[in-house]
$ cat data_13.txt   # compact mmCIF, C-alpha atoms and all ligand atoms
# COMPACT_ATOMS: atom_id res chain seq x y z
CA MET A 5 16.99 10.60 -8.66
CA THR A 6 17.30 12.53 -5.41
CA THR A 7 19.27 10.91 -2.65
CA GLU A 8 19.05 12.03 0.93
CA TYR A 9 22.80 12.36 1.52
CA PRO A 10 24.68 13.44 -1.59
CA ASP A 11 27.78 14.57 0.35
CA ASP A 12 30.86 12.33 0.53
CA THR A 13 31.01 12.11 4.33
CA LYS A 14 27.64 10.38 4.58
CA GLN A 15 28.24 8.20 1.53
CA SER A 16 31.47 6.87 3.02
CA GLN A 17 29.45 5.42 5.94
CA ILE A 18 27.58 3.17 3.53
CA PRO A 19 28.97 -0.37 3.43
CA GLN A 20 30.96 -1.13 0.28
CA ARG A 21 31.07 -4.54 -1.38
CA ALA A 22 32.78 -6.91 1.07
CA PRO A 23 35.71 -8.91 -0.41
CA GLY A 24 34.28 -12.16 0.98
CA GLY A 25 30.91 -11.45 -0.58
CA THR A 26 28.85 -11.49 2.65
CA ALA A 27 25.92 -9.80 1.06
CA LYS A 28 22.90 -8.69 3.06
CA ARG A 29 19.75 -10.33 1.79
CA VAL A 30 16.56 -8.45 1.05
CA LEU A 31 13.28 -10.07 0.03
CA ILE A 32 10.68 -8.01 -1.83
CA VAL A 33 7.18 -9.47 -1.93
CA TYR A 34 4.67 -7.39 -3.87
CA TYR A 35 1.55 -7.23 -5.96
CA SER A 36 0.90 -4.54 -8.56
CA GLN A 37 -1.82 -4.01 -11.15
CA SER A 38 -1.28 -0.66 -12.87
CA GLY A 39 2.41 -0.63 -11.93
CA ASP A 40 2.36 1.99 -9.14
CA VAL A 41 3.61 -0.37 -6.44
CA HIS A 42 6.22 -1.96 -8.70
CA ARG A 43 7.61 1.41 -9.81
CA ALA A 44 7.70 2.63 -6.20
CA LEU A 45 9.69 -0.42 -5.08
CA GLU A 46 12.10 -0.19 -8.00
CA ALA A 47 12.90 3.45 -7.21
CA LEU A 48 13.23 2.74 -3.51
CA VAL A 49 15.68 -0.14 -3.80
CA ARG A 50 17.83 1.38 -6.57
CA PRO A 51 20.44 2.62 -4.02
CA LEU A 52 20.58 -0.89 -2.52
CA GLU A 53 21.16 -2.51 -5.92
CA MET A 54 24.36 -0.52 -6.28
CA ARG A 55 25.88 -2.01 -3.10
CA ASP A 56 26.52 -5.36 -1.52
CA VAL A 57 22.89 -6.30 -1.18
CA GLU A 58 21.30 -9.40 -2.69
CA ILE A 59 17.72 -8.64 -3.65
CA THR A 60 15.12 -11.35 -4.25
CA TRP A 61 11.94 -10.17 -5.99
CA ARG A 62 8.72 -12.18 -5.67
CA ARG A 63 5.63 -10.90 -7.47
CA ILE A 64 2.59 -12.57 -6.04
CA ASP A 65 -0.83 -13.04 -7.61
CA SER A 66 -4.15 -14.57 -6.73
CA ALA A 67 -5.67 -17.59 -8.46
CA PRO A 68 -7.63 -16.71 -10.47
CA ALA A 69 -5.95 -13.36 -11.15
CA TYR A 70 -8.01 -10.17 -10.92
CA PRO A 71 -8.52 -8.40 -14.25
CA PHE A 72 -6.89 -5.12 -15.18
CA PRO A 73 -8.47 -2.92 -16.39
CA TRP A 74 -11.54 -3.96 -14.45
CA ARG A 75 -15.14 -4.40 -15.51
CA ALA A 76 -17.36 -2.39 -13.13
CA ARG A 77 -19.21 -5.44 -11.89
CA GLU A 78 -16.06 -7.40 -11.01
CA PHE A 79 -14.51 -4.31 -9.44
CA PHE A 80 -17.32 -3.75 -6.92
CA ASP A 81 -17.95 -7.47 -6.47
CA CYS A 82 -14.58 -7.91 -4.76
CA MET A 83 -15.50 -5.43 -2.00
CA PRO A 84 -17.18 -7.95 0.37
CA GLU A 85 -14.19 -10.32 0.43
CA ALA A 86 -11.64 -7.50 0.71
CA VAL A 87 -13.49 -5.98 3.67
CA SER A 88 -14.26 -9.25 5.45
CA GLY A 89 -10.75 -10.64 4.93
CA GLU A 90 -11.67 -13.66 2.81
CA PRO A 91 -9.09 -13.76 0.04
CA PRO A 92 -8.96 -16.17 -2.91
CA ALA A 93 -6.18 -18.73 -3.27
CA LEU A 94 -2.63 -17.60 -3.93
CA ALA A 95 -1.12 -18.44 -7.31
CA GLN A 96 1.93 -20.71 -7.33
CA LEU A 97 4.80 -18.92 -5.56
CA ASP A 98 8.45 -19.88 -5.56
CA LEU A 99 9.29 -18.91 -1.98
CA ASP A 100 10.65 -21.12 0.79
CA ALA A 101 9.19 -19.91 4.10
CA THR A 102 12.18 -21.29 6.02
CA GLU A 103 14.67 -19.15 4.09
CA ARG A 104 15.97 -16.19 6.14
CA PHE A 105 16.47 -12.62 4.94
CA ASP A 106 17.97 -9.58 6.67
CA LEU A 107 15.10 -7.35 5.62
CA ILE A 108 11.71 -7.87 3.96
CA LEU A 109 9.84 -5.25 1.94
CA ILE A 110 6.15 -5.79 1.28
CA GLY A 111 4.70 -3.77 -1.61
CA TRP A 112 0.93 -3.54 -1.43
CA GLN A 113 -2.09 -1.43 -2.29
CA VAL A 114 -5.39 -0.52 -0.70
CA TRP A 115 -8.61 -2.12 -2.00
CA PHE A 116 -11.84 -0.98 -0.36
CA LEU A 117 -10.08 0.40 2.72
CA SER A 118 -8.35 -2.97 3.23
CA PRO A 119 -5.13 -4.59 2.02
CA SER A 120 -5.71 -5.80 -1.57
CA LEU A 121 -7.02 -9.35 -1.93
CA PRO A 122 -3.85 -10.81 -3.52
CA ILE A 123 -1.82 -9.48 -0.57
CA GLN A 124 -4.35 -10.92 1.86
CA ALA A 125 -4.06 -14.19 -0.08
CA PHE A 126 -0.30 -14.21 0.56
CA PHE A 127 -0.82 -13.76 4.30
CA ALA A 128 -3.30 -16.65 4.32
CA THR A 129 -0.54 -19.08 3.25
CA ARG A 130 2.48 -20.57 5.01
CA HIS A 131 4.69 -18.48 2.72
CA ALA A 132 4.03 -15.54 5.07
CA GLU A 133 6.09 -17.32 7.73
CA VAL A 134 9.16 -16.18 5.83
CA MET A 135 8.66 -13.01 7.91
CA ARG A 136 9.00 -14.71 11.30
CA GLY A 137 11.49 -12.80 13.42
CA THR A 138 12.52 -10.56 10.52
CA ARG A 139 12.27 -6.79 10.13
CA VAL A 140 9.49 -5.84 7.70
CA ILE A 141 9.02 -2.50 5.94
CA THR A 142 5.82 -1.87 4.01
CA VAL A 143 5.42 0.25 0.87
CA THR A 144 1.82 1.18 0.11
CA CYS A 145 0.30 2.88 -2.92
CA CYS A 146 -3.28 4.10 -2.84
CA ARG A 147 -5.62 6.89 -3.87
CA GLN A 148 -5.75 8.62 -0.49
CA MET A 149 -7.45 6.42 2.10
CA TRP A 150 -5.10 4.03 3.82
CA GLN A 151 -5.41 4.28 7.60
CA ARG A 152 -7.74 1.35 8.22
CA ALA A 153 -5.95 -0.83 5.69
CA GLN A 154 -2.67 0.01 7.40
CA ALA A 155 -4.00 -1.17 10.76
CA LYS A 156 -5.10 -4.45 9.14
CA MET A 157 -1.70 -4.85 7.52
CA ARG A 158 0.10 -4.38 10.82
CA ALA A 159 -2.10 -7.12 12.31
CA LEU A 160 -1.38 -9.49 9.39
CA ILE A 161 2.39 -8.97 9.72
CA ALA A 162 2.27 -9.45 13.49
CA ALA A 163 0.27 -12.68 13.06
CA ALA A 164 2.94 -13.96 10.65
CA GLY A 165 5.61 -13.17 13.25
CA GLY A 166 7.17 -10.29 11.29
CA ILE A 167 8.59 -7.20 12.98
CA HIS A 168 7.01 -4.24 11.24
CA THR A 169 9.12 -1.16 11.89
CA ASP A 170 8.42 1.31 9.07
CA SER A 171 5.59 2.12 6.65
CA ILE A 172 5.95 4.15 3.49
CA VAL A 173 2.69 5.40 2.03
CA VAL A 174 2.54 6.98 -1.43
CA THR A 175 -0.72 8.53 -2.62
CA HIS A 176 -2.10 9.53 -6.01
CA GLN A 177 -1.34 12.93 -7.49
CA GLY A 178 -3.93 15.70 -7.79
CA SER A 179 -6.52 17.07 -5.40
CA ALA A 180 -8.40 14.63 -3.17
CA LEU A 181 -11.60 15.49 -5.03
CA LEU A 182 -10.22 14.83 -8.52
CA THR A 183 -8.68 11.51 -7.48
CA TYR A 184 -12.27 10.28 -7.05
CA ILE A 185 -12.36 10.50 -10.86
CA THR A 186 -8.78 9.78 -11.90
CA ALA A 187 -8.43 6.61 -9.76
CA PRO A 188 -11.58 4.85 -11.08
CA ARG A 189 -10.56 5.97 -14.59
CA ILE A 190 -7.29 4.04 -14.27
CA MET A 191 -9.00 0.99 -12.84
CA LEU A 192 -11.80 0.83 -15.38
CA THR A 193 -9.89 1.92 -18.51
CA GLY A 194 -6.20 1.46 -17.66
CA ARG A 195 -5.58 5.10 -18.69
CA ARG A 196 -3.72 7.54 -16.47
CA ASP A 197 -2.88 10.37 -18.91
CA LYS A 198 -3.94 13.99 -18.29
CA ILE A 199 -7.12 14.93 -20.14
CA ALA A 200 -9.28 18.09 -20.13
CA PHE A 201 -9.60 19.35 -16.53
CA LEU A 202 -8.28 16.10 -15.07
CA PRO A 203 -4.66 15.79 -13.93
CA ALA A 204 -2.71 12.62 -14.71
CA GLY A 205 -3.80 9.74 -12.47
CA GLY A 206 -1.95 7.37 -10.16
CA VAL A 207 1.27 8.06 -8.29
CA ALA A 208 3.26 10.92 -9.87
CA ARG A 209 6.64 10.11 -11.43
CA THR A 210 8.22 12.90 -9.37
CA GLU A 211 6.89 11.27 -6.19
CA ILE A 212 8.29 7.87 -7.28
CA ASP A 213 11.71 9.39 -8.02
CA LYS A 214 11.93 10.78 -4.48
CA LEU A 215 11.61 7.30 -2.95
CA GLY A 216 15.32 6.67 -3.42
CA ARG A 217 15.83 8.62 -0.19
CA PHE A 218 14.45 5.64 1.74
CA GLY A 219 16.80 3.20 -0.01
CA SER A 220 19.74 5.47 0.81
CA ARG A 221 18.73 5.59 4.47
CA LEU A 222 18.33 1.81 4.57
CA LEU A 223 21.85 1.39 3.22
CA GLU A 224 23.23 3.82 5.69
CA ALA A 225 21.49 1.94 8.51
CA ALA A 226 22.43 -1.55 7.21
CA ASP A 227 24.19 -2.40 10.49
CA ARG A 228 20.90 -1.94 12.30
CA TRP A 229 18.74 -4.21 10.12
CA ALA A 230 19.27 -7.13 12.48
CA GLU A 231 19.28 -5.25 15.80
CA ALA A 232 17.92 -7.32 18.71
CA THR A 233 14.96 -5.02 19.28
CA PRO A 234 14.33 -3.45 15.89
CA THR A 235 13.41 0.22 15.95
CA PRO A 236 12.30 2.37 12.96
CA LEU A 237 15.00 3.06 10.37
CA LEU A 238 13.27 5.80 8.39
CA THR A 239 12.50 8.26 11.19
CA GLY A 240 12.41 11.88 10.05
CA LEU A 241 12.04 11.10 6.34
CA ARG A 242 8.30 11.80 6.08
CA THR A 243 7.22 8.30 5.18
CA ALA A 244 3.49 9.11 5.14
CA THR A 245 1.16 12.07 5.19
CA VAL A 246 -2.27 11.88 6.74
CA ASN A 247 -4.85 13.76 4.68
CA VAL A 248 -7.26 15.21 7.23
CA ALA A 249 -9.94 15.68 4.52
CA SER A 250 -9.99 11.89 4.02
CA LEU A 251 -10.56 10.97 7.67
CA LEU A 252 -14.33 11.49 7.84
CA PRO A 253 -15.09 9.88 4.43
CA GLU A 254 -12.95 6.92 5.47
CA LEU A 255 -14.76 6.52 8.78
CA ILE A 256 -18.18 6.60 7.09
CA GLY A 257 -16.91 4.38 4.26
CA VAL A 258 -15.70 1.73 6.71
CA GLY A 259 -19.10 1.52 8.42
CA CYS A 260 -20.95 1.40 5.12
CA MET A 261 -18.69 -1.25 3.60
CA MET A 262 -18.85 -3.48 6.65
CA VAL A 263 -22.66 -3.56 6.52
CA PHE A 264 -22.83 -4.23 2.76
CA ALA A 265 -19.99 -6.75 2.88
CA ARG A 266 -21.85 -8.77 5.50
CA LEU A 267 -25.13 -8.59 3.54
CA ALA A 268 -23.45 -9.61 0.28
CA ARG A 269 -21.61 -12.51 1.91
CA LEU A 270 -24.94 -13.79 3.23
CA CYS A 271 -26.15 -13.94 -0.39
CA GLY A 272 -23.18 -15.93 -1.70
CA GLY A 273 -19.59 -15.75 -2.90
CA PRO A 274 -17.89 -13.68 -5.65
CA GLY A 275 -19.70 -13.74 -8.98
CA ASN A 276 -22.93 -15.06 -7.42
CA LEU A 277 -25.91 -13.44 -9.20
CA ILE A 278 -28.00 -13.43 -6.01
CA ARG A 279 -25.69 -10.95 -4.31
CA LEU A 280 -25.58 -8.62 -7.30
CA PRO A 281 -28.53 -6.43 -6.15
CA VAL A 282 -26.72 -5.87 -2.83
CA ILE A 283 -23.55 -4.86 -4.68
CA TRP A 284 -25.41 -2.40 -6.93
CA LEU A 285 -27.28 -1.00 -3.92
CA PHE A 286 -23.90 -0.37 -2.31
CA VAL A 287 -22.69 1.42 -5.45
CA LEU A 288 -25.86 3.55 -5.54
CA LEU A 289 -25.48 4.49 -1.89
CA LEU A 290 -21.82 5.32 -2.52
CA MET A 291 -22.78 7.68 -5.37
CA LEU A 292 -25.48 9.36 -3.28
CA LEU A 293 -23.44 9.64 -0.10
CA LEU A 294 -20.18 10.77 -1.65
CA PRO A 295 -21.19 14.40 -2.42
CA ILE A 296 -22.84 14.74 1.02
CA VAL A 297 -19.89 13.29 2.89
CA LEU A 298 -17.40 15.36 0.92
CA THR A 299 -19.35 18.56 1.65
CA ILE A 300 -19.54 17.84 5.37
CA SER A 301 -15.87 16.92 5.36
CA ALA A 302 -14.94 20.17 3.56
CA VAL A 303 -16.76 22.16 6.27
CA LEU A 304 -15.26 20.22 9.18
CA THR A 305 -11.73 19.75 7.84
CA PRO A 306 -10.38 23.19 8.91
CA VAL A 307 -11.60 22.52 12.47
CA LEU A 308 -10.26 18.95 12.48
CA LYS A 309 -6.93 20.18 11.14
CA ARG A 310 -6.57 22.59 14.04
CA VAL A 311 -7.51 19.97 16.60
CA LEU A 312 -5.63 17.01 15.14
CA THR A 313 -2.51 18.41 13.43
CA ARG A 314 0.00 17.43 16.14
CA ARG A 315 -1.58 14.07 16.81
CA LEU A 316 -1.65 13.19 13.10
CA ALA A 317 1.98 14.23 12.62
CA ARG A 318 2.92 11.87 15.48
CA TYR A 319 0.73 9.13 14.01
CA ALA A 320 2.35 9.49 10.58
CA GLN A 321 5.73 8.83 12.22
CA VAL A 322 4.66 5.47 13.63
CA VAL A 323 2.20 3.99 11.09
C1 LIG B 401 -10.58 -2.84 -6.28
C2 LIG B 401 -9.83 -1.58 -5.88
C3 LIG B 401 -10.22 -0.89 -4.73
C4 LIG B 401 -9.51 0.25 -4.31
N1 LIG B 401 -9.85 0.86 -3.11
C5 LIG B 401 -9.09 1.90 -2.64
C6 LIG B 401 -9.36 2.47 -1.36
O1 LIG B 401 -10.22 2.04 -0.60
N2 LIG B 401 -8.58 3.51 -0.94
C7 LIG B 401 -7.58 4.02 -1.73
O2 LIG B 401 -6.93 4.98 -1.30
N3 LIG B 401 -7.29 3.47 -2.94
C8 LIG B 401 -8.02 2.44 -3.41
N4 LIG B 401 -7.74 1.87 -4.63
C9 LIG B 401 -6.67 2.45 -5.46
C10 LIG B 401 -5.35 1.67 -5.43
O3 LIG B 401 -4.95 1.43 -4.11
C11 LIG B 401 -4.30 2.49 -6.17
O4 LIG B 401 -4.76 2.72 -7.48
C12 LIG B 401 -2.90 1.91 -6.20
O5 LIG B 401 -2.04 2.92 -6.69
C13 LIG B 401 -2.80 0.68 -7.08
O6 LIG B 401 -1.47 0.22 -7.18
P1 LIG B 401 -1.08 -0.87 -8.31
O7 LIG B 401 -1.60 -0.32 -9.59
O8 LIG B 401 0.40 -0.98 -8.28
O9 LIG B 401 -1.76 -2.15 -7.94
C14 LIG B 401 -8.43 0.75 -5.09
C15 LIG B 401 -8.08 0.05 -6.26
C16 LIG B 401 -8.75 -1.09 -6.66
C17 LIG B 401 -8.33 -1.81 -7.91
$ encode --input "data_13.txt" --output "structure tokens"
Amino acid sequence: MTTEYPDDTKQSQIPQRAPGGTAKRVLIVYYSQSGDVHRALEALVRPLEMRDVEITWRRIDSAPAYPFPWRAREFFDCMPEAVSGEPPALAQLDLDATERFDLILIGWQVWFLSPSLPIQAFFATRHAEVMRGTRVITVTCCRQMWQRAQAKMRALIAAAGGIHTDSIVVTHQGSALLTYITAPRIMLTGRRDKIAFLPAGGVARTEIDKLGRFGSRLLEAADRWAEATPTPLLTGLRTATVNVASLLPELIGVGCMMVFARLARLCGGPGNLIRLPVIWLFVLLLMLLLPIVLTISAVLTPVLKRVLTRRLARYAQVV
């Protein structure tokens, strides 16, 4: 695994195990289906596990749990609730909201340009109050489109009283275009291996291995975890990259999903047969619009890149 500071001088600044055992406490709350988010968190916190840090892992789930791999109908049928922020119940969770931690990591993924429903379910409970007054760092895995979901996540953390200082975003390997095939392939079949012209799907192992640099920085900055006015700890480490080619499809996707989510909700809740035609109409529109939107985006991207490069680089520093 690559660490950001392999030289001895920097390592010596990292706190060693205190004789009295005054360990810093980190809480990791996460949800993961195919394992991307879990693997990312494991790699990130590995440097912390080697030092005087007590790590509490809590894997959350919804009740009932979402299937994996998905059936197409169930997959698209969760769009309305994801977009309109109406999550299911949270499965039993062993977490005392009054317990205090020095740092909280939230591992989450994007579903339909929104935080996934199990993560939204967590924020809808009192458990989320565990974040009150505590520094929160988010670790997101997704295909490529995360900006709107990120904004929603920031709002959820703020509403729970958490202090969100850093966001790490890890996207799927391969070209943006091919991830439109590899990502659904994982979700609908559970398979992520390379076949024919398709690259392997999901987050690349090499990308996961590089996440240890964030854990190393967190260790190095351990004295700052509890600073009175928390400021970002991961500055300069390239925590996220904004893919300009995804901006226009995301913008159009958001509008489209909001309309269909509202229509579907008017017809009933998840699994309701009456809303099924609306869901399949949404899928049809998605299939028809995708090639058009991607073509327009391919034409406009070089211009957008020139206009937005600096602004997006600044944005990626503060997401
Ligand atoms: C129902 C569903 C909807 C998704 N929607 C998006 C999306 O809007 N944007 C995106 O970039 N990825 C989307 N994804 C892809 C996941 O965010 C991605 O596969 C992530 O790596 C999953 O992590 P996990 O397997 O650890 O849960 C979606 C996945 C699912 C299951």
$ residues_around --input "data_13.txt" --residues "segment 65-68 of chain A" --least-positions-apart "4" --cutoff "8 Å" --atoms "all atoms listed in the file" --output "number ranges by chain"
A: 35, 92-95, 121-123, 125
$ atom_distance --input "data_13.txt" --atom1 "atom CA of Ser250 of chain A" --atom2 "atom CA of Phe127 of chain A"
27.2 Å
$ atom_distance --input "data_13.txt" --atom1 "atom CA of Pro119 of chain A" --atom2 "atom CA of Phe80 of chain A"
15.1 Å
$ closest_residue --input "data_13.txt" --among "A:Pro306, A:Pro91, A:Gly206, A:Pro73" --to "Gln148 of chain A" --atoms "all atoms listed in the file"
A:Gly206
$ closest_atom_pairs --input "data_13.txt" --of "segment 45-137 of chain A" --to "segment 276-287 of chain A" --cutoff "9 Å" --atoms "only C-alpha atoms" --output "Markdown table"
| residue | atom | partner | partner_atom | distance |
| --- | --- | --- | --- | --- |
| A:Arg77 | CA | A:Ile283 | CA | 8.4 |
| A:Phe80 | CA | A:Ile283 | CA | 6.7 |
| A:Asp81 | CA | A:Ile283 | CA | 6.4 |
| A:Met83 | CA | A:Ile283 | CA | 8.5 |
| A:Pro84 | CA | A:Ile283 | CA | 8.7 |
$ residues_near_ligand --input "data_13.txt" --ligand "ligand LIG 401 (chain B)" --cutoff "6 Å" --atoms "only C-alpha atoms and all ligand atoms" --output "list in words"
Ser36, Gln37, Ser38, Gly39, Asp40, Val41, His42, Phe79, Gln113, Val114, Trp115, Phe116, Leu117, Cys145, Cys146, Arg147, Gln148, Met149, Trp150, Ala187, Met191 and Gly206 of chain A
$ build_atoms --input "data_13.txt" --residues "segment 32-61 of chain A" --atoms "N, CA and C atoms" --output "compact mmCIF listing (two decimals), in the coordinates of the input"
# COMPACT_ATOMS: atom_id res chain seq x y z
N ILE A 32 11.78 -8.93 -1.50
CA ILE A 32 10.68 -8.01 -1.83
C ILE A 32 9.50 -8.84 -2.30
N VAL A 33 8.42 -8.79 -1.55
CA VAL A 33 7.18 -9.47 -1.93
C VAL A 33 6.19 -8.38 -2.30
N TYR A 34 5.58 -8.47 -3.48
CA TYR A 34 4.67 -7.39 -3.87
C TYR A 34 3.61 -7.86 -4.83
N TYR A 35 2.57 -7.04 -4.94
CA TYR A 35 1.55 -7.23 -5.96
C TYR A 35 1.34 -5.86 -6.59
N SER A 36 1.11 -5.84 -7.90
CA SER A 36 0.90 -4.54 -8.56
C SER A 36 0.05 -4.75 -9.80
N GLN A 37 -0.96 -3.91 -9.96
CA GLN A 37 -1.82 -4.01 -11.15
C GLN A 37 -1.43 -2.99 -12.20
N SER A 38 -1.57 -1.69 -11.86
CA SER A 38 -1.28 -0.66 -12.87
C SER A 38 0.21 -0.34 -12.91
N GLY A 39 0.97 -0.85 -11.94
CA GLY A 39 2.41 -0.63 -11.93
C GLY A 39 2.88 0.35 -10.86
N ASP A 40 1.95 1.01 -10.16
CA ASP A 40 2.36 1.99 -9.14
C ASP A 40 3.28 1.37 -8.08
N VAL A 41 2.83 0.24 -7.52
CA VAL A 41 3.61 -0.37 -6.44
C VAL A 41 4.96 -0.86 -6.96
N HIS A 42 4.96 -1.45 -8.15
CA HIS A 42 6.22 -1.96 -8.70
C HIS A 42 7.22 -0.82 -8.93
N ARG A 43 6.72 0.26 -9.55
CA ARG A 43 7.61 1.41 -9.81
C ARG A 43 8.14 2.00 -8.50
N ALA A 44 7.27 2.07 -7.49
CA ALA A 44 7.70 2.63 -6.20
C ALA A 44 8.82 1.78 -5.60
N LEU A 45 8.67 0.47 -5.65
CA LEU A 45 9.69 -0.42 -5.08
C LEU A 45 11.00 -0.32 -5.85
N GLU A 46 10.88 -0.28 -7.18
CA GLU A 46 12.10 -0.19 -8.00
C GLU A 46 12.91 1.05 -7.65
N ALA A 47 12.20 2.19 -7.52
CA ALA A 47 12.90 3.45 -7.21
C ALA A 47 13.50 3.39 -5.82
N LEU A 48 12.77 2.79 -4.89
CA LEU A 48 13.23 2.74 -3.51
C LEU A 48 14.50 1.92 -3.36
N VAL A 49 14.54 0.76 -4.04
CA VAL A 49 15.68 -0.14 -3.80
C VAL A 49 16.87 0.14 -4.72
N ARG A 50 16.72 1.11 -5.64
CA ARG A 50 17.83 1.38 -6.57
C ARG A 50 19.16 1.63 -5.82
N PRO A 51 19.16 2.44 -4.74
CA PRO A 51 20.44 2.62 -4.02
C PRO A 51 20.99 1.32 -3.46
N LEU A 52 20.11 0.39 -3.08
CA LEU A 52 20.58 -0.89 -2.52
C LEU A 52 21.21 -1.76 -3.60
N GLU A 53 20.65 -1.66 -4.82
CA GLU A 53 21.16 -2.51 -5.92
C GLU A 53 22.61 -2.18 -6.25
N MET A 54 23.01 -0.94 -5.92
CA MET A 54 24.36 -0.52 -6.28
C MET A 54 25.40 -0.99 -5.26
N ARG A 55 24.94 -1.59 -4.15
CA ARG A 55 25.88 -2.01 -3.10
C ARG A 55 25.80 -3.52 -2.89
N ASP A 56 26.43 -3.93 -1.78
CA ASP A 56 26.52 -5.36 -1.52
C ASP A 56 25.23 -5.89 -0.91
N VAL A 57 24.18 -5.83 -1.68
CA VAL A 57 22.89 -6.30 -1.18
C VAL A 57 22.30 -7.24 -2.23
N GLU A 58 21.90 -8.42 -1.77
CA GLU A 58 21.30 -9.40 -2.69
C GLU A 58 19.78 -9.26 -2.59
N ILE A 59 19.17 -8.89 -3.69
CA ILE A 59 17.72 -8.64 -3.65
C ILE A 59 16.94 -9.74 -4.37
N THR A 60 15.97 -10.31 -3.66
CA THR A 60 15.12 -11.35 -4.25
C THR A 60 13.73 -10.77 -4.44
N TRP A 61 13.28 -10.70 -5.70
CA TRP A 61 11.94 -10.17 -5.99
C TRP A 61 10.96 -11.31 -6.12
